[in-house]
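Colleague: Contents are mmCIF, N, CA, C and O atoms; file name model00.cif:
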```
data_data
loop_
_atom_site.label_atom_id
_atom_site.label_comp_id
_atom_site.auth_asym_id
_atom_site.auth_seq_id
_atom_site.Cartn_x
_atom_site.Cartn_y
_atom_site.Cartn_z
N MET K 1 -110.96 160.67 21.72
CA MET K 1 -110.31 161.19 22.90
C MET K 1 -109.66 160.02 23.64
O MET K 1 -110.26 158.97 23.81
N ALA K 2 -108.43 160.21 24.06
CA ALA K 2 -107.69 159.16 24.75
C ALA K 2 -108.21 158.97 26.16
O ALA K 2 -108.70 159.89 26.79
N ARG K 3 -108.12 157.75 26.59
CA ARG K 3 -108.53 157.41 27.96
C ARG K 3 -107.49 157.96 28.93
O ARG K 3 -106.29 157.81 28.72
N PRO K 4 -107.94 158.59 30.04
CA PRO K 4 -106.96 159.11 31.01
C PRO K 4 -106.19 157.97 31.68
O PRO K 4 -106.74 156.89 31.90
N LEU K 5 -104.93 158.24 31.97
CA LEU K 5 -104.11 157.24 32.64
C LEU K 5 -104.63 157.03 34.05
O LEU K 5 -104.94 157.97 34.76
N LYS K 6 -104.72 155.77 34.44
CA LYS K 6 -105.20 155.42 35.76
C LYS K 6 -104.03 155.10 36.65
O LYS K 6 -103.12 154.39 36.26
N GLN K 7 -104.06 155.62 37.86
CA GLN K 7 -103.03 155.30 38.84
C GLN K 7 -103.59 154.24 39.77
O GLN K 7 -104.76 154.26 40.11
N GLY K 8 -102.77 153.32 40.19
CA GLY K 8 -103.22 152.26 41.08
C GLY K 8 -103.75 151.07 40.32
O GLY K 8 -103.77 151.03 39.09
N LEU K 9 -104.18 150.06 41.05
CA LEU K 9 -104.66 148.80 40.48
C LEU K 9 -106.11 148.56 40.89
O LEU K 9 -106.56 149.05 41.91
N ASP K 10 -106.82 147.78 40.09
CA ASP K 10 -108.17 147.37 40.43
C ASP K 10 -108.19 146.03 41.15
O ASP K 10 -109.18 145.67 41.77
N TYR K 11 -107.09 145.30 41.08
CA TYR K 11 -107.05 143.93 41.59
C TYR K 11 -105.64 143.61 42.05
O TYR K 11 -104.67 144.06 41.47
N PHE K 12 -105.54 142.84 43.13
CA PHE K 12 -104.27 142.25 43.52
C PHE K 12 -104.55 140.86 44.05
O PHE K 12 -105.62 140.58 44.57
N SER K 13 -103.59 139.96 43.87
CA SER K 13 -103.80 138.58 44.32
C SER K 13 -103.44 138.45 45.80
O SER K 13 -102.62 139.18 46.32
N LEU K 14 -104.10 137.52 46.44
CA LEU K 14 -103.85 137.23 47.85
C LEU K 14 -103.66 135.73 47.98
O LEU K 14 -104.56 134.96 47.63
N ASP K 15 -102.48 135.33 48.44
CA ASP K 15 -102.18 133.90 48.54
C ASP K 15 -103.10 133.20 49.54
O ASP K 15 -103.53 133.80 50.53
N CYS K 16 -103.36 131.95 49.28
CA CYS K 16 -104.15 131.12 50.20
C CYS K 16 -103.32 130.70 51.40
O CYS K 16 -103.85 130.46 52.48
N HIS K 17 -102.02 130.60 51.22
CA HIS K 17 -101.11 130.23 52.31
C HIS K 17 -100.26 131.45 52.63
O HIS K 17 -99.50 131.93 51.79
N MET K 18 -100.38 131.94 53.84
CA MET K 18 -99.63 133.13 54.25
C MET K 18 -98.26 132.72 54.80
O MET K 18 -98.12 131.68 55.44
N ASP K 19 -97.28 133.57 54.57
CA ASP K 19 -95.95 133.28 55.11
C ASP K 19 -95.90 133.61 56.60
O ASP K 19 -96.86 134.13 57.18
N ASP K 20 -94.78 133.30 57.22
CA ASP K 20 -94.65 133.47 58.67
C ASP K 20 -94.78 134.93 59.11
O ASP K 20 -95.23 135.20 60.23
N LYS K 21 -94.39 135.86 58.27
CA LYS K 21 -94.50 137.28 58.63
C LYS K 21 -95.96 137.65 58.91
O LYS K 21 -96.26 138.32 59.90
N ILE K 22 -96.85 137.21 58.03
CA ILE K 22 -98.27 137.51 58.21
C ILE K 22 -98.84 136.68 59.36
O ILE K 22 -99.65 137.18 60.15
N LYS K 23 -98.40 135.46 59.49
CA LYS K 23 -98.85 134.63 60.62
C LYS K 23 -98.47 135.27 61.95
O LYS K 23 -99.22 135.22 62.93
N LEU K 24 -97.28 135.88 62.01
CA LEU K 24 -96.85 136.54 63.23
C LEU K 24 -97.70 137.77 63.54
O LEU K 24 -98.01 138.05 64.70
N ILE K 25 -98.10 138.51 62.51
CA ILE K 25 -99.01 139.65 62.71
C ILE K 25 -100.31 139.15 63.31
O ILE K 25 -100.83 139.72 64.28
N GLN K 26 -100.86 138.07 62.76
CA GLN K 26 -102.10 137.52 63.27
C GLN K 26 -101.92 136.96 64.68
O GLN K 26 -102.79 137.12 65.53
N ALA K 27 -100.80 136.33 64.95
CA ALA K 27 -100.54 135.80 66.29
C ALA K 27 -100.45 136.93 67.31
O ALA K 27 -100.93 136.79 68.44
N GLU K 28 -99.86 138.04 66.91
CA GLU K 28 -99.67 139.15 67.83
C GLU K 28 -100.92 140.00 68.01
O GLU K 28 -101.24 140.43 69.12
N PHE K 29 -101.67 140.22 66.91
CA PHE K 29 -102.79 141.16 66.95
C PHE K 29 -104.15 140.52 66.68
O PHE K 29 -105.16 141.22 66.65
N GLY K 30 -104.18 139.22 66.45
CA GLY K 30 -105.44 138.55 66.18
C GLY K 30 -105.92 138.81 64.76
O GLY K 30 -105.18 139.33 63.91
N LEU K 31 -107.17 138.46 64.50
CA LEU K 31 -107.72 138.63 63.16
C LEU K 31 -107.79 140.09 62.74
O LEU K 31 -107.74 140.40 61.54
N LYS K 32 -107.91 141.00 63.71
CA LYS K 32 -107.88 142.42 63.35
C LYS K 32 -106.55 142.78 62.70
O LYS K 32 -106.51 143.58 61.77
N GLY K 33 -105.47 142.20 63.19
CA GLY K 33 -104.17 142.47 62.59
C GLY K 33 -104.11 142.02 61.15
O GLY K 33 -103.65 142.76 60.27
N PHE K 34 -104.59 140.81 60.89
CA PHE K 34 -104.64 140.30 59.52
C PHE K 34 -105.52 141.19 58.64
O PHE K 34 -105.13 141.58 57.54
N ALA K 35 -106.69 141.53 59.16
CA ALA K 35 -107.64 142.35 58.38
C ALA K 35 -107.05 143.72 58.07
O ALA K 35 -107.20 144.23 56.94
N ILE K 36 -106.38 144.31 59.02
CA ILE K 36 -105.80 145.64 58.78
C ILE K 36 -104.69 145.57 57.74
O ILE K 36 -104.59 146.45 56.88
N VAL K 37 -103.88 144.52 57.77
CA VAL K 37 -102.84 144.36 56.74
C VAL K 37 -103.48 144.27 55.36
O VAL K 37 -103.05 144.94 54.41
N VAL K 38 -104.53 143.48 55.23
CA VAL K 38 -105.22 143.35 53.92
C VAL K 38 -105.82 144.69 53.52
O VAL K 38 -105.71 145.11 52.36
N LYS K 39 -106.44 145.41 54.45
CA LYS K 39 -107.01 146.72 54.14
C LYS K 39 -105.91 147.71 53.73
O LYS K 39 -106.11 148.53 52.84
N LEU K 40 -104.75 147.62 54.38
CA LEU K 40 -103.63 148.48 53.99
C LEU K 40 -103.15 148.13 52.59
O LEU K 40 -102.86 149.03 51.79
N TRP K 41 -103.05 146.83 52.28
CA TRP K 41 -102.68 146.44 50.91
C TRP K 41 -103.69 147.00 49.91
O TRP K 41 -103.30 147.49 48.85
N GLN K 42 -104.98 146.91 50.22
CA GLN K 42 -105.99 147.46 49.32
C GLN K 42 -105.76 148.94 49.08
O GLN K 42 -105.83 149.42 47.95
N MET K 43 -105.49 149.69 50.15
CA MET K 43 -105.24 151.12 50.02
C MET K 43 -103.99 151.38 49.17
O MET K 43 -104.01 152.21 48.27
N ILE K 44 -102.93 150.63 49.46
CA ILE K 44 -101.67 150.81 48.74
C ILE K 44 -101.86 150.53 47.24
O ILE K 44 -101.48 151.35 46.40
N TYR K 45 -102.42 149.40 46.91
CA TYR K 45 -102.56 149.02 45.50
C TYR K 45 -103.58 149.90 44.78
O TYR K 45 -103.41 150.21 43.61
N ARG K 46 -104.61 150.32 45.49
CA ARG K 46 -105.63 151.18 44.88
C ARG K 46 -105.07 152.56 44.55
O ARG K 46 -105.36 153.12 43.50
N GLU K 47 -104.24 153.10 45.44
CA GLU K 47 -103.79 154.48 45.27
C GLU K 47 -102.65 154.63 44.27
O GLU K 47 -102.74 155.42 43.35
N HIS K 48 -101.57 153.92 44.49
CA HIS K 48 -100.38 154.13 43.65
C HIS K 48 -99.83 152.84 43.07
O HIS K 48 -98.88 152.87 42.31
N GLY K 49 -100.36 151.71 43.47
CA GLY K 49 -99.92 150.45 42.91
C GLY K 49 -98.85 149.73 43.70
O GLY K 49 -98.83 148.52 43.76
N TYR K 50 -97.95 150.48 44.33
CA TYR K 50 -96.90 149.81 45.11
C TYR K 50 -96.56 150.54 46.40
O TYR K 50 -95.75 150.05 47.18
N TYR K 51 -97.13 151.67 46.65
CA TYR K 51 -96.92 152.38 47.91
C TYR K 51 -98.15 153.21 48.24
O TYR K 51 -99.00 153.46 47.38
N GLY K 52 -98.26 153.57 49.48
CA GLY K 52 -99.34 154.45 49.91
C GLY K 52 -98.76 155.56 50.78
O GLY K 52 -97.83 155.32 51.55
N GLU K 53 -99.29 156.73 50.64
CA GLU K 53 -98.84 157.83 51.48
C GLU K 53 -99.41 157.62 52.88
O GLU K 53 -100.55 157.19 53.04
N TRP K 54 -98.61 157.89 53.91
CA TRP K 54 -99.01 157.63 55.28
C TRP K 54 -98.60 158.80 56.16
O TRP K 54 -97.47 159.24 56.15
N SER K 55 -99.56 159.30 56.90
CA SER K 55 -99.33 160.39 57.84
C SER K 55 -100.29 160.17 59.00
O SER K 55 -101.14 159.28 58.96
N LYS K 56 -100.16 161.00 60.02
CA LYS K 56 -101.08 160.88 61.17
C LYS K 56 -102.52 161.13 60.72
O LYS K 56 -103.44 160.46 61.19
N GLU K 57 -102.72 162.09 59.81
CA GLU K 57 -104.07 162.37 59.31
C GLU K 57 -104.62 161.19 58.50
O GLU K 57 -105.77 160.80 58.65
N LYS K 58 -103.76 160.63 57.65
CA LYS K 58 -104.16 159.47 56.84
C LYS K 58 -104.49 158.29 57.74
O LYS K 58 -105.45 157.56 57.51
N GLU K 59 -103.69 158.11 58.78
CA GLU K 59 -103.91 157.02 59.73
C GLU K 59 -105.25 157.19 60.45
O GLU K 59 -106.00 156.23 60.63
N LEU K 60 -105.56 158.41 60.86
CA LEU K 60 -106.83 158.69 61.52
C LEU K 60 -108.01 158.40 60.61
O LEU K 60 -109.00 157.77 61.01
N LEU K 61 -107.92 158.84 59.36
CA LEU K 61 -108.99 158.56 58.40
C LEU K 61 -109.10 157.06 58.12
O LEU K 61 -110.21 156.53 58.00
N PHE K 62 -107.97 156.38 58.00
CA PHE K 62 -107.98 154.94 57.78
C PHE K 62 -108.67 154.24 58.95
O PHE K 62 -109.51 153.36 58.76
N ALA K 63 -108.33 154.63 60.17
CA ALA K 63 -108.95 154.03 61.36
C ALA K 63 -110.46 154.26 61.35
O ALA K 63 -111.24 153.35 61.65
N HIS K 64 -110.86 155.43 60.98
CA HIS K 64 -112.30 155.76 60.95
C HIS K 64 -113.03 155.01 59.85
O HIS K 64 -114.10 154.45 60.07
N ASP K 65 -112.44 154.97 58.66
CA ASP K 65 -113.12 154.39 57.50
C ASP K 65 -113.03 152.87 57.46
O ASP K 65 -113.98 152.21 57.04
N GLU K 66 -111.91 152.30 57.84
CA GLU K 66 -111.67 150.88 57.63
C GLU K 66 -111.84 150.01 58.87
O GLU K 66 -112.08 148.81 58.76
N CYS K 67 -111.68 150.59 60.04
CA CYS K 67 -111.75 149.78 61.27
C CYS K 67 -112.13 150.68 62.43
O CYS K 67 -111.31 150.99 63.29
N SER K 68 -113.38 151.09 62.46
CA SER K 68 -113.81 152.09 63.43
C SER K 68 -113.65 151.64 64.88
O SER K 68 -113.57 152.47 65.77
N ASP K 69 -113.60 150.34 65.14
CA ASP K 69 -113.45 149.88 66.52
C ASP K 69 -112.01 149.49 66.86
O ASP K 69 -111.76 148.94 67.92
N CYS K 70 -111.06 149.80 65.98
CA CYS K 70 -109.66 149.44 66.22
C CYS K 70 -108.90 150.52 66.96
O CYS K 70 -108.07 150.23 67.82
N GLY K 71 -109.10 151.74 66.60
CA GLY K 71 -108.35 152.84 67.18
C GLY K 71 -107.02 153.05 66.50
O GLY K 71 -106.43 152.12 65.93
N VAL K 72 -106.55 154.26 66.57
CA VAL K 72 -105.31 154.66 65.90
C VAL K 72 -104.11 153.93 66.50
O VAL K 72 -103.20 153.53 65.78
N GLN K 73 -104.11 153.72 67.80
CA GLN K 73 -102.95 153.08 68.45
C GLN K 73 -102.74 151.67 67.94
O GLN K 73 -101.61 151.26 67.67
N LEU K 74 -103.83 150.89 67.78
CA LEU K 74 -103.69 149.53 67.27
C LEU K 74 -103.15 149.55 65.84
O LEU K 74 -102.24 148.79 65.51
N ILE K 75 -103.68 150.42 65.02
CA ILE K 75 -103.21 150.51 63.64
C ILE K 75 -101.74 150.93 63.61
O ILE K 75 -100.95 150.38 62.85
N ASP K 76 -101.38 151.89 64.44
CA ASP K 76 -99.99 152.32 64.53
C ASP K 76 -99.08 151.15 64.92
O ASP K 76 -98.00 150.97 64.33
N ASN K 77 -99.51 150.35 65.88
CA ASN K 77 -98.72 149.19 66.31
C ASN K 77 -98.60 148.15 65.19
O ASN K 77 -97.54 147.55 65.01
N ILE K 78 -99.67 147.93 64.46
CA ILE K 78 -99.65 146.95 63.36
C ILE K 78 -98.75 147.42 62.23
O ILE K 78 -97.95 146.65 61.70
N VAL K 79 -98.86 148.69 61.87
CA VAL K 79 -98.00 149.23 60.82
C VAL K 79 -96.53 149.13 61.24
O VAL K 79 -95.68 148.72 60.45
N ALA K 80 -96.23 149.47 62.48
CA ALA K 80 -94.84 149.37 62.97
C ALA K 80 -94.35 147.92 62.91
O ALA K 80 -93.21 147.67 62.51
N ALA K 81 -95.20 146.98 63.28
CA ALA K 81 -94.82 145.56 63.23
C ALA K 81 -94.61 145.11 61.78
O ALA K 81 -93.70 144.32 61.50
N CYS K 82 -95.42 145.61 60.87
CA CYS K 82 -95.27 145.28 59.44
C CYS K 82 -93.96 145.83 58.88
O CYS K 82 -93.29 145.17 58.09
N VAL K 83 -93.60 147.03 59.29
CA VAL K 83 -92.33 147.62 58.85
C VAL K 83 -91.17 146.83 59.45
O VAL K 83 -90.20 146.50 58.75
N GLU K 84 -91.28 146.51 60.72
CA GLU K 84 -90.20 145.77 61.40
C GLU K 84 -90.01 144.38 60.79
O GLU K 84 -88.88 143.89 60.70
N ARG K 85 -91.10 143.74 60.36
CA ARG K 85 -91.02 142.39 59.78
C ARG K 85 -90.83 142.42 58.27
O ARG K 85 -90.91 141.40 57.61
N ASP K 86 -90.61 143.59 57.71
CA ASP K 86 -90.36 143.77 56.29
C ASP K 86 -91.54 143.36 55.42
O ASP K 86 -91.36 142.95 54.27
N ILE K 87 -92.74 143.48 55.95
CA ILE K 87 -93.95 143.33 55.12
C ILE K 87 -94.09 144.59 54.29
O ILE K 87 -94.45 144.54 53.12
N PHE K 88 -93.82 145.73 54.93
CA PHE K 88 -93.75 147.02 54.24
C PHE K 88 -92.30 147.49 54.29
O PHE K 88 -91.61 147.29 55.29
N SER K 89 -91.86 148.10 53.22
CA SER K 89 -90.49 148.58 53.11
C SER K 89 -90.20 149.67 54.14
O SER K 89 -90.90 150.70 54.16
N LYS K 90 -89.17 149.47 54.94
CA LYS K 90 -88.77 150.48 55.92
C LYS K 90 -88.30 151.75 55.21
O LYS K 90 -88.60 152.85 55.62
N GLU K 91 -87.58 151.56 54.11
CA GLU K 91 -87.06 152.71 53.35
C GLU K 91 -88.20 153.56 52.79
O GLU K 91 -88.20 154.78 52.95
N LEU K 92 -89.17 152.94 52.16
CA LEU K 92 -90.30 153.70 51.62
C LEU K 92 -91.15 154.29 52.74
O LEU K 92 -91.64 155.43 52.61
N PHE K 93 -91.31 153.57 53.83
CA PHE K 93 -92.10 154.07 54.94
C PHE K 93 -91.49 155.33 55.54
O PHE K 93 -92.19 156.28 55.88
N GLN K 94 -90.17 155.36 55.64
CA GLN K 94 -89.50 156.53 56.22
C GLN K 94 -89.54 157.74 55.30
O GLN K 94 -89.39 158.87 55.77
N LYS K 95 -89.73 157.53 54.00
CA LYS K 95 -89.86 158.65 53.07
C LYS K 95 -91.21 159.26 53.25
O LYS K 95 -91.52 160.35 53.08
#
```
Could you quickly redo this structure as structure tokens?
Modeller:
Amino acid sequence: MARPLKQGLDYFSLDCHMDDKIKLIQAEFGLKGFAIVVKLWQMIYREHGYYGEWSKEKELLFAHDECSDCGVQLIDNIVAACVERDIFSKELFQK
């Protein structure tokens, strides 16, 4: 019997030196900002490999599961900053 096709990745690399886009997220939102970006990357790579579905419901669950003391507003602000700084694709985000 053939192995079922797996969607998403089990591993992604994380550079030791972050570029200015990530440094700006951390400067603006502190370590929570950095942590949320990494958690979002984990979700993205785990689910589909290069994108993640995002909605208000998904955001609420993400806030509850990944950063219970952050709140939806902080996550919303971080995601918006990531889209604005081209960490996440604006085109894919709008789809």
Colleague: Would you kindly return, as a list in words, each protein, DNA or RNA residue with an atom no farther than 9 Å from any atom of Met43 (chain K), considering only C-alpha atoms and excluding same-chain residues fewer than 6 positions away?
Modeller: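 Contacts, in chain order: Gly49, Tyr51 and Gly52 of chain K.
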Colleague: Nearest to Phe29 (chain K) among K:Ala2, K:Leu74, K:Lys90, K:Asp15, with distances taken over only N, CA, C and O atoms: which residue is it?
Modeller: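 Under the stated criterion, the closest residue is K:Leu74.
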Colleague: Please determine, counting all atoms listed in the file, which residue among K:Asp20, K:Glu84, K:Asp69, K:Glu47 has the shortest atom-to-atom distance to Lys6 (chain K).
Modeller: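 Smallest separation from Lys6 (chain K) among the options: K:Glu47.
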Colleague: Could you tell me, as a list in words, exactly which residues end up selected when the PyMOL selection byres (((chain K and resi 92 and name CA) around 12) and name CA) is applied to this structure?
Modeller: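 Selected by the PyMOL selection byres (((chain K and resi 92 and name CA) around 12) and name CA) in this file: Tyr50, Tyr51, Gly52, Glu53, Trp54, Val83, Asp86, Ile87, Phe88, Ser89, Lys90, Glu91, Phe93, Gln94 and Lys95 of chain K.
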Colleague: Mind pulling up the distance from atom C of Ala80 (chain K) to atom C of Ala27 (chain K)?
Modeller: 13.3 Å
Colleague: Hey, which of K:Val38, K:Arg85, K:Tyr45, K:Glu59 ends up closest to Gln73 (chain K)? Count only C-alpha atoms.
Modeller: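 Comparing K:Val38, K:Arg85, K:Tyr45, K:Glu59 against Gln73 (chain K), the winner is K:Glu59.
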Colleague: I need the residue set behind the PyMOL selection byres (((chain K and resi 10 and name CA) around 9) and name CA) for this file; please write it as a list of chain:residue names.
Modeller: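 That expression, the PyMOL selection byres (((chain K and resi 10 and name CA) around 9) and name CA), corresponds here to K:Gly8, K:Leu9, K:Tyr11, K:Phe12, K:Tyr45, K:Arg46.
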Colleague: Using Å and a single decimal, report how far CA of Leu40 (chain K) sits from atom O of Arg3 (chain K).
Modeller: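 Atom-to-atom, atom O of Arg3 (chain K) to CA of Leu40 (chain K), that is 27.1 Å.
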Colleague: Rounded to one decimal place, report the atom O of Gly71 (chain K)-atom N of Lys21 (chain K) distance in Å.
Modeller: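 One can read the atom O of Gly71 (chain K) to atom N of Lys21 (chain K) distance as 21.6 Å.
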Colleague: Using the chain letters and numbers from this file, what does the PyMOL selection byres (((chain K and resi 25 and name CA) around 9) and name CA) select? Give the answer as a PDB file with N, CA, C and O atoms, in the coordinates of the input.
Modeller:
```pdb
ATOM      1  N   ASP K  20     -94.780 133.300  57.220  1.00  0.00           N
ATOM      2  CA  ASP K  20     -94.650 133.470  58.670  1.00  0.00           C
ATOM      3  C   ASP K  20     -94.780 134.930  59.110  1.00  0.00           C
ATOM      4  O   ASP K  20     -95.230 135.200  60.230  1.00  0.00           O
ATOM      5  N   LYS K  21     -94.390 135.860  58.270  1.00  0.00           N
ATOM      6  CA  LYS K  21     -94.500 137.280  58.630  1.00  0.00           C
ATOM      7  C   LYS K  21     -95.960 137.650  58.910  1.00  0.00           C
ATOM      8  O   LYS K  21     -96.260 138.320  59.900  1.00  0.00           O
ATOM      9  N   ILE K  22     -96.850 137.210  58.030  1.00  0.00           N
ATOM     10  CA  ILE K  22     -98.270 137.510  58.210  1.00  0.00           C
ATOM     11  C   ILE K  22     -98.840 136.680  59.360  1.00  0.00           C
ATOM     12  O   ILE K  22     -99.650 137.180  60.150  1.00  0.00           O
ATOM     13  N   LYS K  23     -98.400 135.460  59.490  1.00  0.00           N
ATOM     14  CA  LYS K  23     -98.850 134.630  60.620  1.00  0.00           C
ATOM     15  C   LYS K  23     -98.470 135.270  61.950  1.00  0.00           C
ATOM     16  O   LYS K  23     -99.220 135.220  62.930  1.00  0.00           O
ATOM     17  N   LEU K  24     -97.280 135.880  62.010  1.00  0.00           N
ATOM     18  CA  LEU K  24     -96.850 136.540  63.230  1.00  0.00           C
ATOM     19  C   LEU K  24     -97.700 137.770  63.540  1.00  0.00           C
ATOM     20  O   LEU K  24     -98.010 138.050  64.700  1.00  0.00           O
ATOM     21  N   GLN K  26    -100.860 138.070  62.760  1.00  0.00           N
ATOM     22  CA  GLN K  26    -102.100 137.520  63.270  1.00  0.00           C
ATOM     23  C   GLN K  26    -101.920 136.960  64.680  1.00  0.00           C
ATOM     24  O   GLN K  26    -102.790 137.120  65.530  1.00  0.00           O
ATOM     25  N   ALA K  27    -100.800 136.330  64.950  1.00  0.00           N
ATOM     26  CA  ALA K  27    -100.540 135.800  66.290  1.00  0.00           C
ATOM     27  C   ALA K  27    -100.450 136.930  67.310  1.00  0.00           C
ATOM     28  O   ALA K  27    -100.930 136.790  68.440  1.00  0.00           O
ATOM     29  N   GLU K  28     -99.860 138.040  66.910  1.00  0.00           N
ATOM     30  CA  GLU K  28     -99.670 139.150  67.830  1.00  0.00           C
ATOM     31  C   GLU K  28    -100.920 140.000  68.010  1.00  0.00           C
ATOM     32  O   GLU K  28    -101.240 140.430  69.120  1.00  0.00           O
ATOM     33  N   PHE K  29    -101.670 140.220  66.910  1.00  0.00           N
ATOM     34  CA  PHE K  29    -102.790 141.160  66.950  1.00  0.00           C
ATOM     35  C   PHE K  29    -104.150 140.520  66.680  1.00  0.00           C
ATOM     36  O   PHE K  29    -105.160 141.220  66.650  1.00  0.00           O
ATOM     37  N   GLY K  30    -104.180 139.220  66.450  1.00  0.00           N
ATOM     38  CA  GLY K  30    -105.440 138.550  66.180  1.00  0.00           C
ATOM     39  C   GLY K  30    -105.920 138.810  64.760  1.00  0.00           C
ATOM     40  O   GLY K  30    -105.180 139.330  63.910  1.00  0.00           O
ATOM     41  N   LEU K  31    -107.170 138.460  64.500  1.00  0.00           N
ATOM     42  CA  LEU K  31    -107.720 138.630  63.160  1.00  0.00           C
ATOM     43  C   LEU K  31    -107.790 140.090  62.740  1.00  0.00           C
ATOM     44  O   LEU K  31    -107.740 140.400  61.540  1.00  0.00           O
ATOM     45  N   GLY K  33    -105.470 142.200  63.190  1.00  0.00           N
ATOM     46  CA  GLY K  33    -104.170 142.470  62.590  1.00  0.00           C
ATOM     47  C   GLY K  33    -104.110 142.020  61.150  1.00  0.00           C
ATOM     48  O   GLY K  33    -103.650 142.760  60.270  1.00  0.00           O
ATOM     49  N   PHE K  34    -104.590 140.810  60.890  1.00  0.00           N
ATOM     50  CA  PHE K  34    -104.640 140.300  59.520  1.00  0.00           C
ATOM     51  C   PHE K  34    -105.520 141.190  58.640  1.00  0.00           C
ATOM     52  O   PHE K  34    -105.130 141.580  57.540  1.00  0.00           O
ATOM     53  N   VAL K  37    -103.880 144.520  57.770  1.00  0.00           N
ATOM     54  CA  VAL K  37    -102.840 144.360  56.740  1.00  0.00           C
ATOM     55  C   VAL K  37    -103.480 144.270  55.360  1.00  0.00           C
ATOM     56  O   VAL K  37    -103.050 144.940  54.410  1.00  0.00           O
ATOM     57  N   ILE K  78     -99.670 147.930  64.460  1.00  0.00           N
ATOM     58  CA  ILE K  78     -99.650 146.950  63.360  1.00  0.00           C
ATOM     59  C   ILE K  78     -98.750 147.420  62.230  1.00  0.00           C
ATOM     60  O   ILE K  78     -97.950 146.650  61.700  1.00  0.00           O
ATOM     61  N   ALA K  81     -95.200 146.980  63.280  1.00  0.00           N
ATOM     62  CA  ALA K  81     -94.820 145.560  63.230  1.00  0.00           C
ATOM     63  C   ALA K  81     -94.610 145.110  61.780  1.00  0.00           C
ATOM     64  O   ALA K  81     -93.700 144.320  61.500  1.00  0.00           O
ATOM     65  N   CYS K  82     -95.420 145.610  60.870  1.00  0.00           N
ATOM     66  CA  CYS K  82     -95.270 145.280  59.440  1.00  0.00           C
ATOM     67  C   CYS K  82     -93.960 145.830  58.880  1.00  0.00           C
ATOM     68  O   CYS K  82     -93.290 145.170  58.090  1.00  0.00           O
ATOM     69  N   ARG K  85     -91.100 143.740  60.360  1.00  0.00           N
ATOM     70  CA  ARG K  85     -91.020 142.390  59.780  1.00  0.00           C
ATOM     71  C   ARG K  85     -90.830 142.420  58.270  1.00  0.00           C
ATOM     72  O   ARG K  85     -90.910 141.400  57.610  1.00  0.00           O
TER      73      ARG K  85
END
```
Colleague: Report the residues of chain K whose backbone DSSP state falls under helix (DSSP H, G or I), written as an MDAnalysis selection string.
Modeller: chainID K and resid 20:47 56:66 72:84 90:94
Colleague: From the list K:His48, K:Lys32, K:Lys58, K:Ser13, which residue is nearest Cys70 (chain K) when using all atoms listed in the file?
Modeller: K:Lys32
Colleague: Can you complete the atoms of region 81-85 of chain K to all heavy atoms and list them as a PDB file, keeping the file's coordinate frame?
Modeller:
```pdb
ATOM      1  N   ALA K  81     -95.200 146.980  63.280  1.00  0.00           N
ATOM      2  CA  ALA K  81     -94.820 145.560  63.230  1.00  0.00           C
ATOM      3  C   ALA K  81     -94.610 145.110  61.780  1.00  0.00           C
ATOM      4  O   ALA K  81     -93.700 144.320  61.500  1.00  0.00           O
ATOM      5  CB  ALA K  81     -95.880 144.697  63.910  1.00  0.00           C
ATOM      6  N   CYS K  82     -95.420 145.610  60.870  1.00  0.00           N
ATOM      7  CA  CYS K  82     -95.270 145.280  59.440  1.00  0.00           C
ATOM      8  C   CYS K  82     -93.960 145.830  58.880  1.00  0.00           C
ATOM      9  O   CYS K  82     -93.290 145.170  58.090  1.00  0.00           O
ATOM     10  CB  CYS K  82     -96.446 145.813  58.640  1.00  0.00           C
ATOM     11  SG  CYS K  82     -97.978 144.902  58.887  1.00  0.00           S
ATOM     12  N   VAL K  83     -93.600 147.030  59.290  1.00  0.00           N
ATOM     13  CA  VAL K  83     -92.330 147.620  58.850  1.00  0.00           C
ATOM     14  C   VAL K  83     -91.170 146.830  59.450  1.00  0.00           C
ATOM     15  O   VAL K  83     -90.200 146.500  58.750  1.00  0.00           O
ATOM     16  CB  VAL K  83     -92.260 149.118  59.226  1.00  0.00           C
ATOM     17  CG1 VAL K  83     -90.864 149.674  59.007  1.00  0.00           C
ATOM     18  CG2 VAL K  83     -93.298 149.916  58.439  1.00  0.00           C
ATOM     19  N   GLU K  84     -91.280 146.510  60.720  1.00  0.00           N
ATOM     20  CA  GLU K  84     -90.200 145.770  61.400  1.00  0.00           C
ATOM     21  C   GLU K  84     -90.010 144.380  60.790  1.00  0.00           C
ATOM     22  O   GLU K  84     -88.880 143.890  60.700  1.00  0.00           O
ATOM     23  CB  GLU K  84     -90.525 145.650  62.891  1.00  0.00           C
ATOM     24  CG  GLU K  84     -89.383 145.148  63.717  1.00  0.00           C
ATOM     25  CD  GLU K  84     -88.160 146.063  63.675  1.00  0.00           C
ATOM     26  OE1 GLU K  84     -88.319 147.297  63.598  1.00  0.00           O
ATOM     27  OE2 GLU K  84     -87.042 145.523  63.711  1.00  0.00           O
ATOM     28  N   ARG K  85     -91.100 143.740  60.360  1.00  0.00           N
ATOM     29  CA  ARG K  85     -91.020 142.390  59.780  1.00  0.00           C
ATOM     30  C   ARG K  85     -90.830 142.420  58.270  1.00  0.00           C
ATOM     31  O   ARG K  85     -90.910 141.400  57.610  1.00  0.00           O
ATOM     32  CB  ARG K  85     -92.273 141.607  60.148  1.00  0.00           C
ATOM     33  CG  ARG K  85     -92.333 141.288  61.621  1.00  0.00           C
ATOM     34  CD  ARG K  85     -93.433 140.305  61.948  1.00  0.00           C
ATOM     35  NE  ARG K  85     -93.366 139.970  63.349  1.00  0.00           N
ATOM     36  CZ  ARG K  85     -94.244 140.378  64.267  1.00  0.00           C
ATOM     37  NH1 ARG K  85     -95.284 141.113  63.916  1.00  0.00           N
ATOM     38  NH2 ARG K  85     -94.101 140.024  65.524  1.00  0.00           N
TER      39      ARG K  85
END
```
